$ cat run10.cif   # mmCIF, C-alpha atoms
data_input
#
loop_
_atom_site.label_atom_id
_atom_site.label_comp_id
_atom_site.auth_asym_id
_atom_site.auth_seq_id
_atom_site.Cartn_x
_atom_site.Cartn_y
_atom_site.Cartn_z
CA MET A 211 177.49 68.56 -56.32
CA PHE A 212 175.12 68.30 -53.41
CA CYS A 213 173.37 65.10 -54.52
CA SER A 214 176.54 63.04 -54.69
CA GLU A 215 177.61 64.30 -51.27
CA VAL A 216 174.38 63.11 -49.70
CA TYR A 217 174.61 59.85 -51.59
CA ALA A 218 178.11 59.36 -50.27
CA GLU A 219 176.85 60.06 -46.79
CA ALA A 220 173.84 57.79 -47.09
CA ARG A 221 175.80 54.85 -48.60
CA PRO A 222 179.42 55.33 -47.44
CA GLU A 223 180.32 51.71 -48.12
CA LEU A 224 180.21 52.52 -51.85
CA PHE A 225 182.90 55.17 -51.43
CA SER A 226 185.15 53.61 -48.79
CA GLY A 227 186.18 50.20 -47.61
CA THR A 228 184.88 50.58 -44.08
CA ARG A 229 181.34 50.91 -42.76
CA ILE A 230 180.69 54.32 -41.13
CA HIS A 231 178.37 54.35 -38.15
CA SER A 232 175.13 56.28 -38.46
CA SER A 233 176.22 58.87 -35.88
CA ASP A 234 179.21 59.76 -38.08
CA ARG A 235 177.45 59.69 -41.45
CA THR A 236 176.39 63.32 -41.45
CA MET A 237 180.00 64.42 -40.90
CA ASP A 238 181.12 62.94 -44.22
CA LEU A 239 179.53 65.58 -46.47
CA GLY A 240 182.52 67.30 -47.96
CA LEU A 241 182.98 65.25 -51.13
CA ALA A 242 183.60 67.54 -54.09
CA GLU A 243 183.29 64.89 -56.78
CA ASP A 244 179.90 64.75 -58.57
CA HIS A 245 179.25 61.06 -59.31
CA PHE A 246 176.10 61.96 -61.29
CA SER A 247 177.76 64.52 -63.50
CA ARG A 248 177.42 63.58 -67.17
CA PRO A 249 177.11 65.50 -70.43
CA VAL A 250 173.61 66.86 -71.02
CA GLY A 251 171.27 64.24 -72.49
CA SER A 252 173.44 61.23 -71.52
CA PHE A 253 171.74 60.19 -68.27
CA VAL A 254 171.24 56.44 -68.02
CA ALA A 255 168.99 54.20 -65.95
CA SER A 256 171.74 53.45 -63.42
CA ASP A 257 171.81 57.10 -62.35
CA ILE A 258 168.11 56.96 -61.46
CA GLU A 259 168.53 53.69 -59.61
CA GLN A 260 171.46 55.06 -57.62
CA LEU A 261 169.44 58.13 -56.68
CA LYS A 262 166.57 55.95 -55.50
CA LEU A 263 168.99 53.96 -53.30
CA ALA A 264 170.45 57.19 -51.92
CA ILE A 265 166.95 58.47 -51.12
CA GLU A 266 166.08 55.31 -49.21
CA GLU A 267 169.34 55.45 -47.25
CA CYS A 268 168.71 59.12 -46.49
CA LYS A 269 165.23 58.30 -45.15
CA LYS A 270 166.69 55.59 -42.88
CA LEU A 271 169.34 58.00 -41.66
CA ILE A 272 166.70 60.59 -40.73
CA LEU A 273 164.96 58.02 -38.53
CA GLU A 274 168.24 57.07 -36.83
CA LEU A 275 169.37 60.63 -36.00
CA PRO A 276 168.21 62.37 -32.77
CA GLU A 277 164.74 63.95 -33.01
CA HIS A 278 164.75 67.66 -34.00
CA SER A 279 168.54 67.76 -34.11
CA GLU A 280 170.39 70.03 -36.51
CA ARG A 281 171.92 67.01 -38.25
CA GLN A 282 168.47 65.54 -38.81
CA LYS A 283 167.20 68.86 -40.25
CA ASP A 284 170.18 69.09 -42.60
CA THR A 285 169.58 65.54 -43.77
CA VAL A 286 165.91 66.32 -44.49
CA VAL A 287 166.95 69.27 -46.65
CA LYS A 288 169.38 67.07 -48.54
CA LEU A 289 166.67 64.45 -49.02
CA ILE A 290 164.53 67.09 -50.71
CA HIS A 291 167.37 67.96 -53.07
CA LEU A 292 167.85 64.30 -53.91
CA ARG A 293 164.17 63.95 -54.79
CA LEU A 294 164.30 67.06 -56.97
CA LYS A 295 167.33 65.65 -58.78
CA LEU A 296 165.48 62.38 -59.33
CA GLN A 297 162.48 64.24 -60.75
CA GLU A 298 164.78 66.20 -63.05
CA LEU A 299 166.24 62.99 -64.45
CA LYS A 300 162.79 61.54 -65.05
CA ASP A 301 161.53 64.74 -66.72
CA PRO A 302 164.54 66.56 -68.22
CA GLU A 303 163.99 70.14 -69.32
CA GLU A 304 163.75 70.55 -73.07
CA ASP A 305 163.73 73.54 -75.37
CA GLU A 306 159.99 74.16 -75.51
CA PRO A 307 158.25 76.83 -77.62
CA ASN A 308 156.86 79.83 -75.74
CA LEU A 309 153.41 79.53 -77.35
CA ARG A 310 151.47 76.41 -78.28
CA THR A 311 147.92 76.03 -79.66
CA LEU A 312 145.85 72.94 -78.98
CA LEU A 313 142.04 72.38 -79.05
CA GLU A 314 141.50 76.17 -79.12
CA HIS A 315 143.73 76.55 -76.05
CA ARG A 316 146.45 79.17 -76.43
CA PHE A 317 149.18 77.92 -74.12
CA SER A 318 151.88 80.27 -72.92
CA LYS A 319 155.09 78.92 -71.39
CA GLU A 320 155.38 79.93 -67.75
CA LYS A 321 158.56 81.41 -66.32
CA SER A 322 157.66 81.26 -62.64
CA LYS A 323 159.88 78.83 -60.76
CA SER A 324 158.70 79.38 -57.20
CA VAL A 325 154.87 79.28 -57.33
CA LYS A 326 153.53 75.79 -56.69
CA GLN A 327 150.77 74.79 -59.11
CA THR A 328 148.84 71.62 -59.88
CA CYS A 329 148.55 70.11 -63.35
CA ASP A 330 144.92 70.12 -64.54
CA LYS A 331 145.52 66.99 -66.60
CA CYS A 332 147.37 64.58 -64.31
CA SER A 333 146.57 66.28 -60.94
CA ALA A 334 150.26 66.10 -59.95
CA ILE A 335 152.25 69.01 -58.56
CA ILE A 336 154.11 71.15 -61.10
CA TRP A 337 157.67 71.66 -59.89
CA GLY A 338 158.42 74.93 -61.67
CA LEU A 339 162.07 74.76 -60.68
CA ILE A 340 162.76 71.71 -62.84
CA GLN A 341 159.66 71.18 -65.02
CA THR A 342 158.34 73.00 -68.03
CA TRP A 343 154.68 73.99 -67.78
CA TYR A 344 152.09 76.02 -69.66
CA THR A 345 148.99 78.08 -68.89
CA CYS A 346 146.14 78.69 -71.34
CA THR A 347 145.69 82.45 -71.71
CA GLY A 348 141.99 81.95 -72.32
CA CYS A 349 140.73 79.61 -69.59
CA TYR A 350 143.86 79.42 -67.34
CA TYR A 351 144.18 75.64 -67.79
CA ARG A 352 147.60 74.63 -66.39
CA CYS A 353 149.56 71.52 -67.28
CA HIS A 354 152.99 69.98 -67.61
CA SER A 355 154.60 70.12 -71.00
CA LYS A 356 154.58 66.32 -71.06
CA CYS A 357 150.79 66.27 -70.46
CA MET A 358 149.80 68.60 -73.30
CA ASN A 359 149.37 65.88 -75.91
CA LEU A 360 146.99 64.07 -73.55
CA ILE A 361 144.53 66.98 -73.28
CA THR A 362 141.07 66.16 -74.67
CA LYS A 363 138.97 69.08 -73.35
CA PRO A 364 138.68 72.17 -75.60
CA CYS A 365 139.23 75.63 -74.16
CA VAL A 366 136.09 76.76 -72.32
CA ARG A 367 136.63 80.36 -73.45
CA SER A 368 135.55 79.32 -76.94
CA LYS A 369 132.31 78.03 -75.43
CA VAL A 370 131.86 81.35 -73.61
CA SER A 371 132.43 83.24 -76.88
CA HIS A 372 130.04 81.13 -78.96
CA GLN A 373 127.45 80.11 -76.38
CA SER A 374 127.16 82.74 -73.63
CA GLU A 375 124.36 81.22 -71.63
CA TYR A 376 123.90 79.35 -68.37
CA GLU A 377 122.31 76.05 -67.51
CA LEU A 378 119.21 77.33 -65.68
CA SER A 379 117.95 74.01 -64.31
CA ILE A 380 119.09 73.19 -60.79
CA CYS A 381 121.55 70.25 -60.89
CA PRO A 382 120.01 68.52 -63.97
CA GLU A 383 121.10 64.98 -63.08
CA ILE A 384 120.75 62.27 -65.72
CA GLY A 385 122.19 59.32 -63.76
CA LEU A 386 125.34 57.26 -64.02
CA ASP A 387 123.63 54.69 -66.22
CA ARG A 388 123.05 57.31 -68.90
CA GLN A 389 126.77 58.05 -68.74
CA ASP A 390 127.58 54.34 -69.11
CA TYR A 391 129.25 54.56 -65.68
CA ARG A 392 132.02 56.67 -67.14
CA CYS A 393 133.38 60.14 -66.45
CA SER A 394 131.46 62.69 -68.50
CA GLU A 395 134.71 64.32 -69.61
CA CYS A 396 137.52 61.77 -69.95
CA ARG A 397 135.35 58.60 -70.05
CA THR A 398 137.24 56.91 -67.22
CA PRO A 399 135.15 54.14 -65.57
CA ILE A 400 133.58 55.45 -62.31
CA SER A 401 131.08 54.37 -59.67
CA LEU A 402 129.54 55.71 -56.46
CA ARG A 403 131.39 52.95 -54.54
CA GLY A 404 134.71 54.36 -55.66
CA VAL A 405 135.67 51.27 -57.67
CA PRO A 406 137.57 51.62 -59.95
CA SER A 407 137.31 55.40 -59.45
CA GLU A 408 135.07 57.62 -57.32
CA ALA A 409 132.12 59.28 -59.09
CA ARG A 410 131.81 62.96 -58.16
CA GLN A 411 128.77 64.96 -59.19
CA CYS A 412 129.01 68.50 -60.58
CA ASP A 413 126.19 70.62 -59.17
CA TYR A 414 126.19 72.83 -62.29
CA THR A 415 125.93 70.20 -65.04
CA GLY A 416 124.38 67.45 -62.89
CA GLN A 417 126.78 64.95 -64.46
CA TYR A 418 129.37 62.71 -62.82
CA TYR A 419 133.14 62.95 -63.16
CA CYS A 420 136.26 61.14 -62.00
CA SER A 421 138.60 62.56 -59.35
CA THR A 422 140.99 63.80 -62.04
CA CYS A 423 138.32 65.94 -63.72
CA HIS A 424 136.53 66.91 -60.49
CA TRP A 425 138.68 68.25 -57.64
CA ASN A 426 135.76 69.18 -55.36
CA ASP A 427 136.17 72.85 -56.26
CA THR A 428 133.19 75.00 -55.31
CA ALA A 429 131.34 77.75 -57.17
CA ILE A 430 128.09 79.70 -56.91
CA ILE A 431 125.47 78.11 -59.16
CA PRO A 432 123.49 80.58 -61.36
CA ALA A 433 120.31 78.44 -61.40
CA ARG A 434 120.19 78.36 -57.60
CA VAL A 435 120.65 82.13 -57.44
CA ILE A 436 117.89 82.90 -59.95
CA HIS A 437 115.31 80.44 -58.66
CA ASN A 438 116.11 80.33 -54.93
CA TRP A 439 118.25 83.45 -54.32
CA GLU A 440 120.81 81.01 -52.88
CA PHE A 441 124.52 81.85 -52.95
CA GLU A 442 126.06 78.88 -51.14
CA PRO A 443 128.99 77.53 -53.20
CA ARG A 444 128.49 73.96 -54.47
CA LYS A 445 130.95 71.37 -55.72
CA VAL A 446 131.65 71.55 -59.45
CA CYS A 447 134.03 69.89 -61.89
CA ARG A 448 137.11 71.69 -63.18
CA SER A 449 135.67 72.62 -66.57
CA SER A 450 132.48 74.00 -64.97
CA MET A 451 134.54 76.00 -62.50
CA ARG A 452 136.50 77.64 -65.32
CA TYR A 453 133.37 78.24 -67.39
CA LEU A 454 131.52 79.86 -64.47
CA ALA A 455 134.54 82.02 -63.66
CA LEU A 456 134.73 83.32 -67.25
CA MET A 457 130.96 83.87 -67.40
CA MET A 458 130.81 85.67 -64.05
CA PRO A 459 131.01 89.27 -65.39
CA ARG A 460 128.91 88.69 -68.52
CA PRO A 461 125.41 90.27 -68.47
CA VAL A 462 123.39 87.37 -69.88
CA LEU A 463 120.61 87.06 -67.27
CA LYS A 464 117.31 88.76 -68.12
CA LEU A 465 115.63 88.37 -64.75
CA LYS A 466 112.24 89.79 -65.70
CA GLU A 467 111.86 86.95 -68.22
CA ILE A 468 113.56 84.13 -66.31
CA ASN A 469 112.00 84.79 -62.88
CA PRO A 470 110.00 88.06 -62.68
CA LEU A 471 108.66 87.14 -59.22
CA LEU A 472 112.14 87.58 -57.81
CA PHE A 473 111.58 91.35 -57.71
CA ASN A 474 108.61 90.81 -55.36
CA PHE A 475 110.74 89.06 -52.77
CA VAL A 476 114.16 90.75 -53.03
CA GLU A 477 113.93 94.44 -52.15
CA GLU A 478 117.54 95.06 -53.13
CA LEU A 479 116.76 94.14 -56.73
CA VAL A 480 114.02 96.78 -56.88
CA GLU A 481 116.43 99.39 -55.51
CA ILE A 482 119.13 98.52 -58.03
CA ARG A 483 116.64 98.54 -60.91
CA LYS A 484 115.52 102.07 -59.94
CA LEU A 485 119.11 103.30 -59.76
CA ARG A 486 119.86 101.80 -63.17
CA GLN A 487 116.76 103.39 -64.68
CA ASP A 488 117.83 106.78 -63.30
CA ILE A 489 121.32 106.38 -64.74
CA LEU A 490 119.84 105.67 -68.18
CA LEU A 491 117.84 108.91 -67.85
CA MET A 492 121.05 110.77 -66.95
CA LYS A 493 123.02 109.37 -69.88
CA PRO A 494 121.59 111.79 -72.52
CA TYR A 495 122.75 114.73 -70.39
CA PHE A 496 126.31 113.41 -70.29
CA ILE A 497 126.72 112.53 -73.97
CA THR A 498 125.72 116.10 -74.92
CA CYS A 499 127.74 117.81 -72.18
CA LYS A 500 131.31 118.81 -72.96
CA GLU A 501 132.31 119.00 -69.31
CA ALA A 502 130.89 115.57 -68.56
CA MET A 503 132.70 114.09 -71.54
CA GLU A 504 135.99 115.67 -70.45
CA ALA A 505 135.49 114.41 -66.90
CA ARG A 506 134.60 110.97 -68.31
CA LEU A 507 131.85 110.50 -65.80
CA LEU A 508 130.37 107.49 -67.52
CA LEU A 509 133.69 105.65 -67.15
CA GLN A 510 132.83 105.21 -63.48
CA LEU A 511 130.67 102.35 -64.76
CA GLN A 512 133.25 100.87 -67.11
CA ASP A 513 133.30 97.60 -65.13
CA ARG A 514 129.53 97.31 -65.63
CA GLN A 515 129.11 98.72 -69.12
CA HIS A 516 125.65 97.17 -69.44
CA PHE A 517 124.37 99.57 -66.77
CA VAL A 518 124.56 102.43 -69.29
CA GLU A 519 122.96 100.33 -72.05
CA ASN A 520 119.89 98.75 -70.43
CA ASP A 521 118.21 98.18 -67.08
CA ASP A 522 117.14 94.55 -67.34
CA MET A 523 120.30 92.50 -68.01
CA TYR A 524 122.36 91.23 -65.10
CA SER A 525 125.59 89.30 -64.68
CA LEU A 526 126.09 86.68 -62.00
CA GLN A 527 128.62 89.05 -60.41
CA ASP A 528 125.90 91.73 -60.23
CA LEU A 529 123.59 89.40 -58.32
CA ILE A 530 126.37 88.35 -55.94
CA ASP A 531 127.21 91.99 -55.24
CA ILE A 532 123.52 92.84 -54.76
CA SER A 533 123.19 90.07 -52.20
CA SER A 534 126.27 91.25 -50.29
CA GLY A 535 125.22 94.92 -50.42
CA ARG A 536 128.36 96.06 -52.26
CA LEU A 537 126.57 97.01 -55.46
CA SER A 538 123.96 99.13 -53.68
CA CYS A 539 126.65 101.19 -51.95
CA SER A 540 128.80 101.75 -55.04
CA LEU A 541 125.89 102.44 -57.39
CA THR A 542 124.27 104.89 -54.95
CA GLU A 543 127.55 106.79 -54.75
CA ILE A 544 127.83 106.97 -58.56
CA HIS A 545 124.16 108.01 -58.81
CA THR A 546 124.81 110.86 -56.36
CA THR A 547 127.87 112.03 -58.34
CA PHE A 548 125.93 112.01 -61.62
CA ALA A 549 122.95 113.89 -60.14
CA LYS A 550 125.23 116.49 -58.55
CA HIS A 551 126.84 117.27 -61.90
CA ILE A 552 123.49 117.70 -63.66
CA LYS A 553 121.62 119.63 -60.96
CA LEU A 554 124.38 121.69 -59.30
CA ASP A 555 127.76 121.72 -61.06
CA CYS A 556 126.90 122.17 -64.74
CA ASP A 557 124.95 125.16 -66.05
CA ARG A 558 124.35 123.51 -69.42
CA CYS A 559 122.79 120.42 -67.85
CA GLN A 560 120.70 122.56 -65.49
CA ALA A 561 119.33 124.42 -68.49
CA LYS A 562 117.89 121.16 -69.80
CA GLY A 563 115.63 120.75 -66.76
CA PHE A 564 111.82 121.05 -66.81
CA VAL A 565 109.19 123.20 -65.17
CA CYS A 566 105.95 121.46 -64.29
CA GLU A 567 103.47 122.87 -66.85
CA LEU A 568 100.49 121.72 -64.81
CA CYS A 569 101.15 123.69 -61.62
CA LYS A 570 103.96 125.96 -62.88
CA GLU A 571 105.42 125.96 -59.38
CA GLY A 572 108.43 124.53 -57.60
CA ASP A 573 112.06 123.97 -58.57
CA ILE A 574 113.47 122.78 -61.88
CA LEU A 575 112.59 119.13 -62.43
CA PHE A 576 114.63 116.30 -63.92
CA PRO A 577 113.34 112.91 -65.11
CA PHE A 578 115.40 111.00 -62.54
CA ASP A 579 113.98 112.90 -59.53
CA SER A 580 112.07 110.64 -57.17
CA HIS A 581 109.02 112.96 -56.96
CA THR A 582 108.45 113.33 -60.71
CA SER A 583 106.53 111.61 -63.47
CA VAL A 584 107.59 111.48 -67.10
CA CYS A 585 105.33 111.51 -70.15
CA HIS A 586 106.09 108.36 -72.13
CA ASP A 587 105.30 110.07 -75.45
CA CYS A 588 107.25 113.33 -75.28
CA SER A 589 109.43 112.83 -72.17
CA ALA A 590 108.15 116.00 -70.49
CA VAL A 591 108.59 116.01 -66.71
CA PHE A 592 105.92 116.90 -64.12
CA HIS A 593 105.37 116.65 -60.39
CA ARG A 594 104.07 113.20 -59.58
CA ASP A 595 101.11 114.70 -57.72
CA CYS A 596 100.20 116.68 -60.82
CA TYR A 597 100.71 114.00 -63.45
CA TYR A 598 100.29 110.43 -62.27
CA ASP A 599 100.23 107.37 -64.52
CA ASN A 600 99.31 109.49 -67.56
CA SER A 601 95.86 110.10 -66.05
CA THR A 602 96.19 113.78 -66.99
CA THR A 603 96.58 115.07 -70.53
CA CYS A 604 100.16 116.17 -71.16
CA PRO A 605 100.20 119.88 -72.17
CA ARG A 606 103.28 119.41 -74.30
CA CYS A 607 101.72 116.53 -76.23
CA ALA A 608 98.58 118.64 -76.71
CA ARG A 609 100.65 121.50 -78.17
CA MET A 610 102.49 119.16 -80.48
CA THR A 611 99.18 117.68 -81.68
CA ASP A 612 97.72 121.15 -82.31
CA ARG A 613 100.85 122.17 -84.18
CA LYS A 614 100.64 119.15 -86.49
CA GLN A 615 96.98 119.87 -87.20
CA ASP A 616 97.82 123.47 -88.04
CA GLU A 617 100.55 122.34 -90.40
CA VAL A 618 98.10 120.02 -92.17
CA LEU A 619 95.59 122.84 -92.59
CA ASP A 620 98.27 125.16 -93.90
CA MET A 621 99.28 122.58 -96.49
CA LYS A 622 95.66 122.22 -97.62
CA ASP A 623 95.23 126.00 -97.91
CA ALA A 624 98.42 126.20 -99.94
#

$ encode --input "run10.cif" --output "structure tokens"
Amino acid sequence: MFCSEVYAEARPELFSGTRIHSSDRTMDLGLAEDHFSRPVGSFVASDIEQLKLAIEECKKLILELPEHSERQKDTVVKLIHLRLKLQELKDPEEDEPNLRTLLEHRFSKEKSKSVKQTCDKCSAIIWGLIQTWYTCTGCYYRCHSKCMNLITKPCVRSKVSHQSEYELSICPEIGLDRQDYRCSECRTPISLRGVPSEARQCDYTGQYYCSTCHWNDTAIIPARVIHNWEFEPRKVCRSSMRYLALMMPRPVLKLKEINPLLFNFVEELVEIRKLRQDILLMKPYFITCKEAMEARLLLQLQDRQHFVENDDMYSLQDLIDISSGRLSCSLTEIHTTFAKHIKLDCDRCQAKGFVCELCKEGDILFPFDSHTSVCHDCSAVFHRDCYYDNSTTCPRCARMTDRKQDEVLDMKDA
């Protein structure tokens, strides 16, 4: 095999009685015998030691060969294979189950051999070609098979399922002394001086973590968005990064309660709120229209289902898209499609329009038109100039009141 050939080249004195000069070493690569070949499971310590010696000899040989020469490149490739073989001996592949459950993680055995990943537990590279590794299907936590029994952090998806809310204080720091100068997650001793391990602060939780639990990943912090309308990514620990990623599409932010003043300073929020209110007014037309149901118009908002349920709940992804302008463009396009169906394409929906009973002039009105006002009691629609802020008595409400009075009188006469 390849490893023994390189080993023979790197340490030729072990295979022959004469010393081969470095310039001739790379020519002696044709050995067919595999000196590391043993039955599966019978590797011994000497094999590992021999591989380590071969690796060192190979490294020396690379330095001795001419710079950028083909022989040097070939030797580098063979050095890589030697190191992979050494790693395989240290971590032999075992028959692992395809699914494993641990601390609410649901780990699935990965089959990819070429994608390079990093173990979330030990921070070492996962060599998919020779190592068994797993990914949690809930929070995408990745780790070596050998590291699974060392995991102490529960799956963050369970936290998302049971406690769907954000920390709304900006970087709520408590201090290293309150953490007993230990990592908030794995309890490894840490300090700001980096002895014995560097303390890294998570901008979301405000707590400090070791370099194994905090990789200097960045994420947009919900508290900074809501209070400052700030979208600059900040450094967060691994668990916070996964939690924020899972929470991103969830509509859990009621802005008018958390920070109602935000609507006074962010014009885009006012525009989106109006579009959402209009869509809620269009919804009754669609759920009673056969053509709209067949065309599945409301499914255009399937990625933001909360837009057809209320107009005051937002997800962090909504706010990010509002800031970038993407949401305004897409929602305006959907709003135009919905209005076109109701006002132009569908006779049934057109028949549900209103005529202003105050002036009895103009086109058919709909509650989502920009120049109309809607009675909050009976939902009748009028021109805004005719009926503004309920300052005028609604004719429809007046008729309904008269009708009820007549029915009461009729019951008394009976």

$ resolve_selection --input "run10.cif" --expression "the PyMOL selection byres ((chain A and resi 485) around 10)" --output "number ranges by chain"
A: 479-484, 486-491, 517, 521, 538, 541-542, 544-545, 578

$ write_last_selection --input "run10.cif" --atoms "C-alpha atoms" --output "short mmCIF file (atom, residue, chain, number, x, y, z; two decimals), in the frame of the given file"
data_model
loop_
_atom_site.label_atom_id
_atom_site.label_comp_id
_atom_site.auth_asym_id
_atom_site.auth_seq_id
_atom_site.Cartn_x
_atom_site.Cartn_y
_atom_site.Cartn_z
CA LEU A 479 116.76 94.14 -56.73
CA VAL A 480 114.02 96.78 -56.88
CA GLU A 481 116.43 99.39 -55.51
CA ILE A 482 119.13 98.52 -58.03
CA ARG A 483 116.64 98.54 -60.91
CA LYS A 484 115.52 102.07 -59.94
CA ARG A 486 119.86 101.80 -63.17
CA GLN A 487 116.76 103.39 -64.68
CA ASP A 488 117.83 106.78 -63.30
CA ILE A 489 121.32 106.38 -64.74
CA LEU A 490 119.84 105.67 -68.18
CA LEU A 491 117.84 108.91 -67.85
CA PHE A 517 124.37 99.57 -66.77
CA ASP A 521 118.21 98.18 -67.08
CA SER A 538 123.96 99.13 -53.68
CA LEU A 541 125.89 102.44 -57.39
CA THR A 542 124.27 104.89 -54.95
CA ILE A 544 127.83 106.97 -58.56
CA HIS A 545 124.16 108.01 -58.81
CA PHE A 578 115.40 111.00 -62.54
#

$ resolve_selection --input "run10.cif" --expression "the PyMOL selection byres ((chain A and resi 532) around 12)" --output "PyMOL selection string"
chain A and resi 435+439+441+476-483+524-531+533-541

$ atom_distance --input "run10.cif" --atom1 "atom CA of Arg452 of chain A" --atom2 "atom CA of Glu519 of chain A"
27.3 Å

$ atom_distance --input "run10.cif" --atom1 "atom CA of Lys269 of chain A" --atom2 "atom CA of Trp337 of chain A"
21.3 Å

$ closest_residue --input "run10.cif" --among "A:Leu309, A:Leu463, A:Cys447, A:Met610" --to "Trp343 of chain A" --atoms "all atoms listed in the file"
A:Leu309

$ atom_distance --input "run10.cif" --atom1 "atom CA of Lys331 of chain A" --atom2 "atom CA of Leu312 of chain A"
13.7 Å

$ closest_residue --input "run10.cif" --among "A:Ser580, A:Ser371, A:Thr428, A:Gln341" --to "Leu294 of chain A" --atoms "only C-alpha atoms"
A:Gln341

$ axis_aligned_box --input "run10.cif" --around "segment 364-380 of chain A" --padding-each-side "4 Å" --output "lines of an AutoDock Vina configuration file"
center_x = 128.6
center_y = 77.7
center_z = -69.9
size_x = 29.3
size_y = 19.1
size_z = 26.2

$ resolve_selection --input "run10.cif" --expression "the PyMOL selection byres ((chain A and resi 287) around 12)" --output "PyMOL selection string"
chain A and resi 212-213+216+265+268-269+272+280-286+288-294

$ residues_around --input "run10.cif" --residues "Leu507 of chain A" --least-positions-apart "5" --cutoff "10 Å" --atoms "all atoms listed in the file" --output "list in words"
Lys493, Phe496, Ile497, Glu501, Ala502, Gln512, Ile544, Thr547, Phe548 and His551 of chain A

$ residues_around --input "run10.cif" --residues "Glu377 of chain A" --least-positions-apart "2" --cutoff "7 Å" --atoms "all atoms listed in the file" --output "PyMOL selection string"
chain A and resi 375+379+433

$ closest_residue --input "run10.cif" --among "A:Ser374, A:Arg403, A:Trp425, A:Ser368" --to "Cys332 of chain A" --atoms "only C-alpha atoms"
A:Trp425

$ closest_residue --input "run10.cif" --among "A:Arg514, A:Lys270, A:Arg367, A:Arg388" --to "Leu456 of chain A" --atoms "only C-alpha atoms"
A:Arg367

$ residues_around --input "run10.cif" --residues "segment 347-356 of chain A" --least-positions-apart "5" --cutoff "6 Å" --atoms "all atoms listed in the file" --output "MDAnalysis selection string"
chainID A and resid 316 329:330 342 367

$ closest_residue --input "run10.cif" --among "A:Asp522, A:Asp427, A:Asp387, A:Glu395" --to "Lys464 of chain A" --atoms "all atoms listed in the file"
A:Asp522

$ residues_around --input "run10.cif" --residues "Leu378 of chain A" --least-positions-apart "5" --cutoff "10 Å" --atoms "all atoms listed in the file" --output "ChimeraX atom specification"
/A:414-415,431-437,463,468

$ closest_residue --input "run10.cif" --among "A:Leu386, A:Leu511, A:Ala590, A:Ile430" --to "Met457 of chain A" --atoms "all atoms listed in the file"
A:Ile430

$ decode --input "run10.cif" --residues "segment 355-388 of chain A" --atoms "C-alpha atoms" --output "JSON list (two decimals), in the first residue's frame"
[["chain", "number", "residue", "atom", "x", "y", "z"],
["A", 355, "SER", "CA", -18.56, 9.86, 17.33],
["A", 356, "LYS", "CA", -15.89, 9.68, 20.02],
["A", 357, "CYS", "CA", -16.97, 13.09, 21.42],
["A", 358, "MET", "CA", -20.67, 12.31, 21.82],
["A", 359, "ASN", "CA", -20.42, 11.00, 25.37],
["A", 360, "LEU", "CA", -18.68, 14.24, 26.38],
["A", 361, "ILE", "CA", -21.55, 16.50, 25.29],
["A", 362, "THR", "CA", -23.12, 18.44, 28.18],
["A", 363, "LYS", "CA", -25.26, 21.03, 26.34],
["A", 364, "PRO", "CA", -28.89, 20.07, 25.58],
["A", 365, "CYS", "CA", -30.31, 20.61, 22.10],
["A", 366, "VAL", "CA", -31.27, 24.28, 21.69],
["A", 367, "ARG", "CA", -34.29, 23.33, 19.56],
["A", 368, "SER", "CA", -35.99, 22.09, 22.72],
["A", 369, "LYS", "CA", -35.45, 25.55, 24.22],
["A", 370, "VAL", "CA", -36.94, 27.12, 21.09],
["A", 371, "SER", "CA", -39.97, 24.81, 21.35],
["A", 372, "HIS", "CA", -40.60, 25.42, 25.05],
["A", 373, "GLN", "CA", -39.38, 28.99, 25.47],
["A", 374, "SER", "CA", -39.77, 30.95, 22.23],
["A", 375, "GLU", "CA", -38.61, 34.33, 23.41],
["A", 376, "TYR", "CA", -35.56, 36.55, 23.10],
["A", 377, "GLU", "CA", -33.32, 38.20, 25.63],
["A", 378, "LEU", "CA", -34.38, 41.83, 25.10],
["A", 379, "SER", "CA", -31.70, 43.52, 27.21],
["A", 380, "ILE", "CA", -28.61, 44.64, 25.31],
["A", 381, "CYS", "CA", -25.63, 42.48, 26.32],
["A", 382, "PRO", "CA", -26.78, 41.83, 29.93],
["A", 383, "GLU", "CA", -23.31, 41.33, 31.42],
["A", 384, "ILE", "CA", -23.04, 39.94, 34.96],
["A", 385, "GLY", "CA", -19.24, 39.81, 35.27],
["A", 386, "LEU", "CA", -16.68, 37.04, 35.45],
["A", 387, "ASP", "CA", -16.79, 37.01, 39.24],
["A", 388, "ARG", "CA", -20.45, 36.00, 39.17]]
